[in-house]
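Chemist: File input15.pdb follows (PDB, C-alpha atoms):
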```
ATOM      1  CA  MET A 283      47.220 138.357  90.066  1.00  0.00           C
ATOM      2  CA  LYS A 284      50.181 140.723  90.552  1.00  0.00           C
ATOM      3  CA  TYR A 285      49.538 140.913  94.317  1.00  0.00           C
ATOM      4  CA  LEU A 286      49.109 137.163  94.486  1.00  0.00           C
ATOM      5  CA  LEU A 287      52.534 136.680  92.868  1.00  0.00           C
ATOM      6  CA  ILE A 288      54.180 139.162  95.242  1.00  0.00           C
ATOM      7  CA  THR A 289      52.573 137.408  98.213  1.00  0.00           C
ATOM      8  CA  LEU A 290      53.769 134.013  96.959  1.00  0.00           C
ATOM      9  CA  VAL A 291      57.317 135.336  96.554  1.00  0.00           C
ATOM     10  CA  LEU A 292      57.204 136.730 100.103  1.00  0.00           C
ATOM     11  CA  PHE A 293      56.021 133.387 101.457  1.00  0.00           C
ATOM     12  CA  LEU A 294      58.687 131.507  99.490  1.00  0.00           C
ATOM     13  CA  SER A 295      61.354 133.820 100.895  1.00  0.00           C
ATOM     14  CA  ALA A 296      60.579 132.359 104.306  1.00  0.00           C
ATOM     15  CA  CYS A 297      61.704 128.958 102.986  1.00  0.00           C
ATOM     16  CA  GLY A 298      65.311 130.163 102.773  1.00  0.00           C
ATOM     17  CA  SER A 299      67.999 128.204 104.589  1.00  0.00           C
ATOM     18  CA  LEU A 300      68.858 128.889 108.233  1.00  0.00           C
ATOM     19  CA  PRO A 301      71.666 131.430 108.661  1.00  0.00           C
ATOM     20  CA  VAL A 302      73.456 129.049 111.077  1.00  0.00           C
ATOM     21  CA  VAL A 303      75.422 126.501 109.043  1.00  0.00           C
ATOM     22  CA  ASN A 304      77.958 123.963 110.248  1.00  0.00           C
ATOM     23  CA  LYS A 305      81.055 123.765 108.045  1.00  0.00           C
ATOM     24  CA  PHE A 306      82.119 120.261 106.957  1.00  0.00           C
ATOM     25  CA  PRO A 307      85.158 119.364 109.111  1.00  0.00           C
ATOM     26  CA  ASP A 308      88.627 119.456 107.534  1.00  0.00           C
ATOM     27  CA  ALA A 309      90.614 116.328 106.690  1.00  0.00           C
ATOM     28  CA  PRO A 310      92.544 114.843 109.640  1.00  0.00           C
ATOM     29  CA  THR A 311      96.016 115.549 108.226  1.00  0.00           C
ATOM     30  CA  LYS A 312      97.514 117.332 105.233  1.00  0.00           C
ATOM     31  CA  PHE A 313      98.991 114.104 103.875  1.00  0.00           C
ATOM     32  CA  SER A 314      95.879 111.966 104.467  1.00  0.00           C
ATOM     33  CA  MET A 315      94.418 113.271 101.203  1.00  0.00           C
ATOM     34  CA  GLU A 316      97.313 111.702  99.253  1.00  0.00           C
ATOM     35  CA  LYS A 317      96.686 108.280  97.740  1.00  0.00           C
ATOM     36  CA  CYS A 318      98.796 105.341  98.895  1.00  0.00           C
ATOM     37  CA  PRO A 319     101.692 104.830  96.436  1.00  0.00           C
ATOM     38  CA  GLN A 320     102.253 101.734  94.321  1.00  0.00           C
ATOM     39  CA  LEU A 321     104.647  99.225  95.909  1.00  0.00           C
ATOM     40  CA  ALA A 322     108.165  99.019  94.434  1.00  0.00           C
ATOM     41  CA  THR A 323     109.177  96.151  92.168  1.00  0.00           C
ATOM     42  CA  VAL A 324     112.628  94.676  91.371  1.00  0.00           C
ATOM     43  CA  GLU A 325     114.459  93.746  88.177  1.00  0.00           C
ATOM     44  CA  ASN A 326     115.654  90.273  87.211  1.00  0.00           C
ATOM     45  CA  GLY A 327     119.135  89.537  88.520  1.00  0.00           C
ATOM     46  CA  VAL A 328     118.605  91.660  91.616  1.00  0.00           C
ATOM     47  CA  LYS A 329     120.977  91.092  94.531  1.00  0.00           C
ATOM     48  CA  LEU A 330     119.700  89.652  97.820  1.00  0.00           C
ATOM     49  CA  SER A 331     120.454  92.887  99.689  1.00  0.00           C
ATOM     50  CA  GLU A 332     118.625  95.007  97.096  1.00  0.00           C
ATOM     51  CA  LEU A 333     115.615  92.697  97.184  1.00  0.00           C
ATOM     52  CA  THR A 334     115.552  92.842 100.996  1.00  0.00           C
ATOM     53  CA  LYS A 335     115.776  96.645 100.885  1.00  0.00           C
ATOM     54  CA  THR A 336     112.884  96.838  98.413  1.00  0.00           C
ATOM     55  CA  ILE A 337     110.797  94.562 100.629  1.00  0.00           C
ATOM     56  CA  THR A 338     111.665  96.754 103.632  1.00  0.00           C
ATOM     57  CA  MET A 339     110.657  99.865 101.695  1.00  0.00           C
ATOM     58  CA  ASN A 340     107.377  98.234 100.685  1.00  0.00           C
ATOM     59  CA  TYR A 341     106.630  97.319 104.310  1.00  0.00           C
ATOM     60  CA  SER A 342     107.289 100.961 105.282  1.00  0.00           C
ATOM     61  CA  THR A 343     104.898 102.108 102.548  1.00  0.00           C
ATOM     62  CA  TYR A 344     102.270  99.748 103.935  1.00  0.00           C
ATOM     63  CA  TYR A 345     102.751 101.032 107.492  1.00  0.00           C
ATOM     64  CA  GLU A 346     102.561 104.639 106.298  1.00  0.00           C
ATOM     65  CA  CYS A 347      99.286 103.853 104.549  1.00  0.00           C
ATOM     66  CA  ALA A 348      98.019 102.129 107.686  1.00  0.00           C
ATOM     67  CA  VAL A 349      98.773 105.311 109.655  1.00  0.00           C
ATOM     68  CA  LYS A 350      96.731 107.346 107.158  1.00  0.00           C
ATOM     69  CA  THR A 351      93.815 104.910 107.391  1.00  0.00           C
ATOM     70  CA  ASP A 352      93.988 104.903 111.188  1.00  0.00           C
ATOM     71  CA  ALA A 353      93.969 108.722 111.090  1.00  0.00           C
ATOM     72  CA  TRP A 354      90.781 108.690 108.996  1.00  0.00           C
ATOM     73  CA  ILE A 355      89.115 106.172 111.356  1.00  0.00           C
ATOM     74  CA  GLU A 356      90.022 108.228 114.426  1.00  0.00           C
ATOM     75  CA  TRP A 357      88.942 111.414 112.633  1.00  0.00           C
ATOM     76  CA  TYR A 358      85.545 109.896 111.770  1.00  0.00           C
ATOM     77  CA  GLN A 359      84.922 108.694 115.327  1.00  0.00           C
ATOM     78  CA  ILE A 360      85.855 112.071 116.857  1.00  0.00           C
ATOM     79  CA  GLN A 361      83.917 114.132 114.284  1.00  0.00           C
ATOM     80  CA  LYS A 362      80.860 111.911 114.710  1.00  0.00           C
ATOM     81  CA  LYS A 363      80.912 112.478 118.479  1.00  0.00           C
ATOM     82  CA  ILE A 364      81.405 116.246 118.046  1.00  0.00           C
ATOM     83  CA  HIS A 365      78.553 116.387 115.524  1.00  0.00           C
ATOM     84  CA  GLU A 366      76.218 114.394 117.773  1.00  0.00           C
ATOM     85  CA  ASP A 367      76.998 116.663 120.737  1.00  0.00           C
ATOM     86  CA  ILE A 368      75.734 119.717 118.780  1.00  0.00           C
ATOM     87  CA  LYS A 369      72.185 118.316 118.596  1.00  0.00           C
TER      88      LYS A 369
ATOM     89  CA  MET B 190      55.760 136.399 106.289  1.00  0.00           C
ATOM     90  CA  MET B 191      57.555 136.982 109.575  1.00  0.00           C
ATOM     91  CA  TRP B 192      61.004 136.364 108.025  1.00  0.00           C
ATOM     92  CA  PHE B 193      61.565 140.076 107.450  1.00  0.00           C
ATOM     93  CA  LEU B 194      61.494 140.581 111.241  1.00  0.00           C
ATOM     94  CA  SER B 195      64.984 139.058 111.375  1.00  0.00           C
ATOM     95  CA  PHE B 196      66.364 142.227 109.763  1.00  0.00           C
ATOM     96  CA  ILE B 197      64.947 144.503 112.481  1.00  0.00           C
ATOM     97  CA  PRO B 198      66.912 144.975 115.738  1.00  0.00           C
ATOM     98  CA  ASP B 199      65.353 143.494 118.912  1.00  0.00           C
ATOM     99  CA  ALA B 200      64.904 146.850 120.680  1.00  0.00           C
ATOM    100  CA  TRP B 201      63.045 148.391 117.718  1.00  0.00           C
ATOM    101  CA  LEU B 202      60.714 145.417 117.465  1.00  0.00           C
ATOM    102  CA  ASN B 203      59.998 145.483 121.180  1.00  0.00           C
ATOM    103  CA  LEU B 204      59.351 149.231 121.093  1.00  0.00           C
ATOM    104  CA  ALA B 205      57.019 148.928 118.073  1.00  0.00           C
ATOM    105  CA  VAL B 206      55.023 146.089 119.612  1.00  0.00           C
ATOM    106  CA  LEU B 207      54.660 147.783 123.017  1.00  0.00           C
ATOM    107  CA  SER B 208      53.740 151.075 121.311  1.00  0.00           C
ATOM    108  CA  ILE B 209      50.927 149.448 119.331  1.00  0.00           C
ATOM    109  CA  LEU B 210      49.667 147.691 122.464  1.00  0.00           C
ATOM    110  CA  GLY B 211      50.025 150.850 124.618  1.00  0.00           C
ATOM    111  CA  VAL B 212      48.322 153.113 122.089  1.00  0.00           C
ATOM    112  CA  GLY B 213      45.504 150.580 121.729  1.00  0.00           C
ATOM    113  CA  VAL B 214      44.920 150.432 125.492  1.00  0.00           C
ATOM    114  CA  LEU B 215      45.120 154.226 125.744  1.00  0.00           C
ATOM    115  CA  ILE B 216      42.597 154.763 122.912  1.00  0.00           C
ATOM    116  CA  TYR B 217      40.269 152.145 124.399  1.00  0.00           C
ATOM    117  CA  VAL B 218      40.386 153.790 127.856  1.00  0.00           C
ATOM    118  CA  LEU B 219      39.984 157.253 126.310  1.00  0.00           C
ATOM    119  CA  SER B 220      36.843 156.064 124.507  1.00  0.00           C
ATOM    120  CA  TYR B 221      35.109 155.986 127.912  1.00  0.00           C
ATOM    121  CA  PHE B 222      36.002 159.638 128.562  1.00  0.00           C
ATOM    122  CA  VAL B 223      34.748 160.699 125.117  1.00  0.00           C
ATOM    123  CA  ALA B 224      31.221 160.517 126.571  1.00  0.00           C
ATOM    124  CA  PHE B 225      32.030 163.660 128.580  1.00  0.00           C
ATOM    125  CA  ILE B 226      32.891 165.684 125.453  1.00  0.00           C
ATOM    126  CA  PRO B 227      29.585 166.292 123.596  1.00  0.00           C
ATOM    127  CA  THR B 228      31.209 166.976 120.212  1.00  0.00           C
ATOM    128  CA  LEU B 229      33.053 163.642 120.262  1.00  0.00           C
ATOM    129  CA  ILE B 230      30.108 161.474 121.441  1.00  0.00           C
ATOM    130  CA  PRO B 231      29.309 160.232 117.856  1.00  0.00           C
ATOM    131  CA  ALA B 232      32.932 159.088 117.492  1.00  0.00           C
ATOM    132  CA  LYS B 233      32.813 157.087 120.718  1.00  0.00           C
ATOM    133  CA  GLU B 234      32.139 153.702 119.079  1.00  0.00           C
ATOM    134  CA  PRO B 235      34.653 154.055 116.201  1.00  0.00           C
ATOM    135  CA  ILE B 236      37.305 155.142 118.718  1.00  0.00           C
ATOM    136  CA  ARG B 237      36.548 152.100 120.890  1.00  0.00           C
ATOM    137  CA  ILE B 238      36.690 149.807 117.834  1.00  0.00           C
ATOM    138  CA  ILE B 239      40.054 151.298 116.762  1.00  0.00           C
ATOM    139  CA  GLY B 240      41.356 150.859 120.329  1.00  0.00           C
ATOM    140  CA  THR B 241      40.177 147.247 120.435  1.00  0.00           C
ATOM    141  CA  LEU B 242      41.710 146.485 117.030  1.00  0.00           C
ATOM    142  CA  LEU B 243      45.017 148.014 118.110  1.00  0.00           C
ATOM    143  CA  VAL B 244      45.003 145.977 121.351  1.00  0.00           C
ATOM    144  CA  VAL B 245      44.271 142.768 119.389  1.00  0.00           C
ATOM    145  CA  ALA B 246      47.007 143.629 116.853  1.00  0.00           C
ATOM    146  CA  GLY B 247      49.380 144.461 119.718  1.00  0.00           C
ATOM    147  CA  VAL B 248      48.754 141.116 121.428  1.00  0.00           C
ATOM    148  CA  TYR B 249      49.200 139.323 118.088  1.00  0.00           C
ATOM    149  CA  PHE B 250      52.468 141.142 117.388  1.00  0.00           C
ATOM    150  CA  TYR B 251      53.638 140.481 120.946  1.00  0.00           C
ATOM    151  CA  GLY B 252      53.154 136.759 120.294  1.00  0.00           C
ATOM    152  CA  SER B 253      55.052 137.031 117.014  1.00  0.00           C
ATOM    153  CA  TYR B 254      57.786 139.006 118.743  1.00  0.00           C
ATOM    154  CA  ASP B 255      58.084 136.345 121.420  1.00  0.00           C
ATOM    155  CA  THR B 256      58.362 133.599 118.773  1.00  0.00           C
ATOM    156  CA  GLU B 257      60.936 135.650 116.870  1.00  0.00           C
ATOM    157  CA  MET B 258      62.990 136.145 120.034  1.00  0.00           C
ATOM    158  CA  SER B 259      62.750 132.453 120.810  1.00  0.00           C
ATOM    159  CA  TRP B 260      64.088 131.625 117.298  1.00  0.00           C
ATOM    160  CA  ARG B 261      66.867 134.169 117.612  1.00  0.00           C
ATOM    161  CA  GLY B 262      67.825 132.611 120.953  1.00  0.00           C
ATOM    162  CA  LYS B 263      67.873 129.135 119.424  1.00  0.00           C
ATOM    163  CA  MET B 264      69.960 130.346 116.480  1.00  0.00           C
ATOM    164  CA  ALA B 265      72.443 132.062 118.793  1.00  0.00           C
ATOM    165  CA  GLU B 266      72.640 128.865 120.873  1.00  0.00           C
ATOM    166  CA  GLN B 267      73.204 126.796 117.711  1.00  0.00           C
ATOM    167  CA  ALA B 268      75.842 129.228 116.420  1.00  0.00           C
ATOM    168  CA  THR B 269      77.731 128.955 119.744  1.00  0.00           C
ATOM    169  CA  ALA B 270      77.511 125.149 119.669  1.00  0.00           C
ATOM    170  CA  ILE B 271      78.789 125.064 116.078  1.00  0.00           C
ATOM    171  CA  GLU B 272      81.646 127.438 116.885  1.00  0.00           C
ATOM    172  CA  LYS B 273      82.601 125.223 119.835  1.00  0.00           C
ATOM    173  CA  ALA B 274      82.369 122.077 117.673  1.00  0.00           C
ATOM    174  CA  GLN B 275      84.571 123.623 114.984  1.00  0.00           C
ATOM    175  CA  GLU B 276      87.154 124.528 117.625  1.00  0.00           C
ATOM    176  CA  GLN B 277      87.036 120.968 119.035  1.00  0.00           C
ATOM    177  CA  SER B 278      87.377 119.610 115.496  1.00  0.00           C
ATOM    178  CA  LYS B 279      90.489 121.737 114.866  1.00  0.00           C
ATOM    179  CA  ILE B 280      92.068 120.580 118.147  1.00  0.00           C
ATOM    180  CA  ALA B 281      91.256 116.926 117.355  1.00  0.00           C
ATOM    181  CA  ASN B 282      92.715 117.266 113.845  1.00  0.00           C
ATOM    182  CA  ALA B 283      95.897 118.814 115.206  1.00  0.00           C
ATOM    183  CA  LYS B 284      96.276 115.883 117.643  1.00  0.00           C
ATOM    184  CA  ILE B 285      95.593 113.288 114.909  1.00  0.00           C
ATOM    185  CA  GLU B 286      98.110 115.001 112.608  1.00  0.00           C
ATOM    186  CA  ASN B 287     100.818 115.116 115.294  1.00  0.00           C
ATOM    187  CA  ASP B 288     100.266 111.451 116.228  1.00  0.00           C
ATOM    188  CA  ALA B 289     100.371 110.388 112.578  1.00  0.00           C
ATOM    189  CA  LYS B 290     103.531 112.416 111.887  1.00  0.00           C
ATOM    190  CA  GLU B 291     105.187 110.853 114.916  1.00  0.00           C
ATOM    191  CA  ARG B 292     104.200 107.316 113.843  1.00  0.00           C
ATOM    192  CA  ILE B 293     105.444 107.876 110.270  1.00  0.00           C
ATOM    193  CA  LYS B 294     108.723 109.255 111.608  1.00  0.00           C
ATOM    194  CA  VAL B 295     109.189 106.052 113.668  1.00  0.00           C
ATOM    195  CA  ILE B 296     108.315 103.876 110.625  1.00  0.00           C
ATOM    196  CA  TYR B 297     111.017 105.479 108.450  1.00  0.00           C
ATOM    197  CA  LYS B 298     113.526 105.585 111.307  1.00  0.00           C
ATOM    198  CA  ASN B 299     113.109 101.810 111.790  1.00  0.00           C
ATOM    199  CA  ALA B 300     113.257 101.236 108.028  1.00  0.00           C
ATOM    200  CA  THR B 301     116.577 103.123 107.924  1.00  0.00           C
ATOM    201  CA  ILE B 302     117.923 100.942 110.759  1.00  0.00           C
ATOM    202  CA  VAL B 303     116.838  97.797 108.872  1.00  0.00           C
ATOM    203  CA  LYS B 304     118.503  99.099 105.670  1.00  0.00           C
ATOM    204  CA  GLN B 305     121.716  99.745 107.595  1.00  0.00           C
ATOM    205  CA  TYR B 306     121.544  96.184 108.909  1.00  0.00           C
ATOM    206  CA  ILE B 307     121.051  94.909 105.336  1.00  0.00           C
ATOM    207  CA  ASP B 308     124.121  96.909 104.172  1.00  0.00           C
ATOM    208  CA  ARG B 309     126.115  95.500 107.065  1.00  0.00           C
ATOM    209  CA  GLU B 310     124.946  91.851 107.273  1.00  0.00           C
ATOM    210  CA  VAL B 311     122.776  90.743 104.335  1.00  0.00           C
ATOM    211  CA  VAL B 312     125.167  92.162 101.748  1.00  0.00           C
ATOM    212  CA  LYS B 313     127.657  89.397 102.763  1.00  0.00           C
ATOM    213  CA  TYR B 314     125.375  86.806 101.091  1.00  0.00           C
ATOM    214  CA  ASP B 315     124.874  88.703  97.817  1.00  0.00           C
ATOM    215  CA  GLU B 316     127.409  86.560  95.956  1.00  0.00           C
ATOM    216  CA  THR B 317     126.505  83.206  97.475  1.00  0.00           C
ATOM    217  CA  CYS B 318     122.699  83.609  97.371  1.00  0.00           C
ATOM    218  CA  LYS B 319     121.544  84.308  93.841  1.00  0.00           C
ATOM    219  CA  ILE B 320     117.923  85.367  93.425  1.00  0.00           C
ATOM    220  CA  PRO B 321     116.143  83.277  90.791  1.00  0.00           C
ATOM    221  CA  ASP B 322     113.899  85.094  88.303  1.00  0.00           C
ATOM    222  CA  VAL B 323     110.858  83.259  89.637  1.00  0.00           C
ATOM    223  CA  VAL B 324     111.363  84.929  93.015  1.00  0.00           C
ATOM    224  CA  VAL B 325     111.493  88.332  91.294  1.00  0.00           C
ATOM    225  CA  LYS B 326     108.375  87.421  89.312  1.00  0.00           C
ATOM    226  CA  ALA B 327     106.513  86.375  92.469  1.00  0.00           C
ATOM    227  CA  HIS B 328     107.628  89.512  94.336  1.00  0.00           C
ATOM    228  CA  ASN B 329     106.616  91.864  91.546  1.00  0.00           C
ATOM    229  CA  ALA B 330     103.260  90.194  91.039  1.00  0.00           C
ATOM    230  CA  ALA B 331     102.545  90.533  94.759  1.00  0.00           C
ATOM    231  CA  ALA B 332     103.726  94.174  94.774  1.00  0.00           C
ATOM    232  CA  LYS B 333     101.437  95.034  91.861  1.00  0.00           C
ATOM    233  CA  ASN B 334      98.656  92.786  93.171  1.00  0.00           C
ATOM    234  CA  GLU B 335      98.562  90.903  89.896  1.00  0.00           C
ATOM    235  CA  ALA B 336      97.717  87.264  89.189  1.00  0.00           C
ATOM    236  CA  ILE B 337     100.837  85.265  88.463  1.00  0.00           C
ATOM    237  CA  LYS B 338     101.098  83.054  85.354  1.00  0.00           C
TER     238      LYS B 338
END
```
Before we go any further, please render this structure as structure tokens.
Modeler:
Amino acid sequence: MKYLLITLVLFLSACGSLPVVNKFPDAPTKFSMEKCPQLATVENGVKLSELTKTITMNYSTYYECAVKTDAWIEWYQIQKKIHEDIK
Amino acid sequence: MMWFLSFIPDAWLNLAVLSILGVGVLIYVLSYFVAFIPTLIPAKEPIRIIGTLLVVAGVYFYGSYDTEMSWRGKMAEQATAIEKAQEQSKIANAKIENDAKERIKVIYKNATIVKQYIDREVVKYDETCKIPDVVVKAHNAAAKNEAIK
């Protein structure tokens, strides 16, 4: 029984993972892990210029978020190709 | 059971396998000359059996060694491919990061230009064009992505 157990352990040892492991690729950019911020709002009685500035700021926030999303899409496509080339 | 072979250097394995095979062949050949030494004649058959067993074991181990070497080769190949892929990934990430930084810089540069334009031109209509509260309500609801009542 003792020898049988030792033999089983030896056989199970062979089921260990391969020593060659591919690391999961890093995020595309440092800032791409940040969530998109909430858009700015205005108070009642706001001036036309202030409202226009807030809208401009909100558009910039949108475009910044679009850049982050585009970075993730490009990152995925490139990483997928790199990963497929390994096999 | 052959997993432990991965801890033994290639040269040692090769030497051990060839030694077993060589000794087996030598003992087997010597078993034919034992017939000329009268005192060893009774041991002729056991010697031949030992030689044969060693040759069989040697051939078996040679096969295992070959498989082991083939796996080591594949693992080395895979390790090189992974190293290359990780390098490519780093280069791609650096390019994506630079492009994104550049695009964001342009976005905020243009926003600053628009704000300067607002300060210069739109500000002239601040007194004449009053913003009704309903406009503020609509803007804020859209900004927060809320349903408007």
Chemist: Compute the chain A side of the contact with chain B at 8 Å, counting all atoms listed in the file, and hand it back as a ChimeraX atom specification.
Modeler: /A:292-293,295-296,302-305,307-312,320-331,334-335,338-339,342,345-346,349-350,353,356-357,360-361,364-365,368
Chemist: Could you check which of A:Glu332, A:Lys363, A:Tyr358, A:Cys318 is closest to Tyr344 of chain A, using all atoms listed in the file?
Modeler: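 Using all atoms listed in the file, the shortest distance to Tyr344 of chain A belongs to A:Cys318.
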Chemist: Mind giving me the straight-line distance from atom CA of Ile236 of chain B to atom CA of Phe222 of chain B in Å, one decimal?
Modeler: 10.9 Å
Chemist: What lies within 7 Å of Val214 of chain B using all atoms listed in the file, ignoring chain neighbours under 3 positions off, as a PyMOL selection string?
Modeler: chain B and resi 210-211+217-218+240+244
Chemist: Once the PyMOL selection byres ((chain B and resi 239) around 12) has been evaluated on this model, what residues remain selected, and can you format them as a list in words?
Modeler: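 Checked against the file, the PyMOL selection byres ((chain B and resi 239) around 12) matches Ile209, Leu210, Val212, Gly213, Val214, Leu215, Ile216, Tyr217, Val218, Leu219, Ser220, Ala232, Lys233, Glu234, Pro235, Ile236, Arg237, Ile238, Gly240, Thr241, Leu242, Leu243, Val244, Val245, Ala246 and Gly247 of chain B.
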Chemist: What's the separation between atom CA of Glu366 of chain A and atom CA of Glu276 of chain B, in Å to one decimal place?
Modeler: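 It comes out at 14.9 Å.
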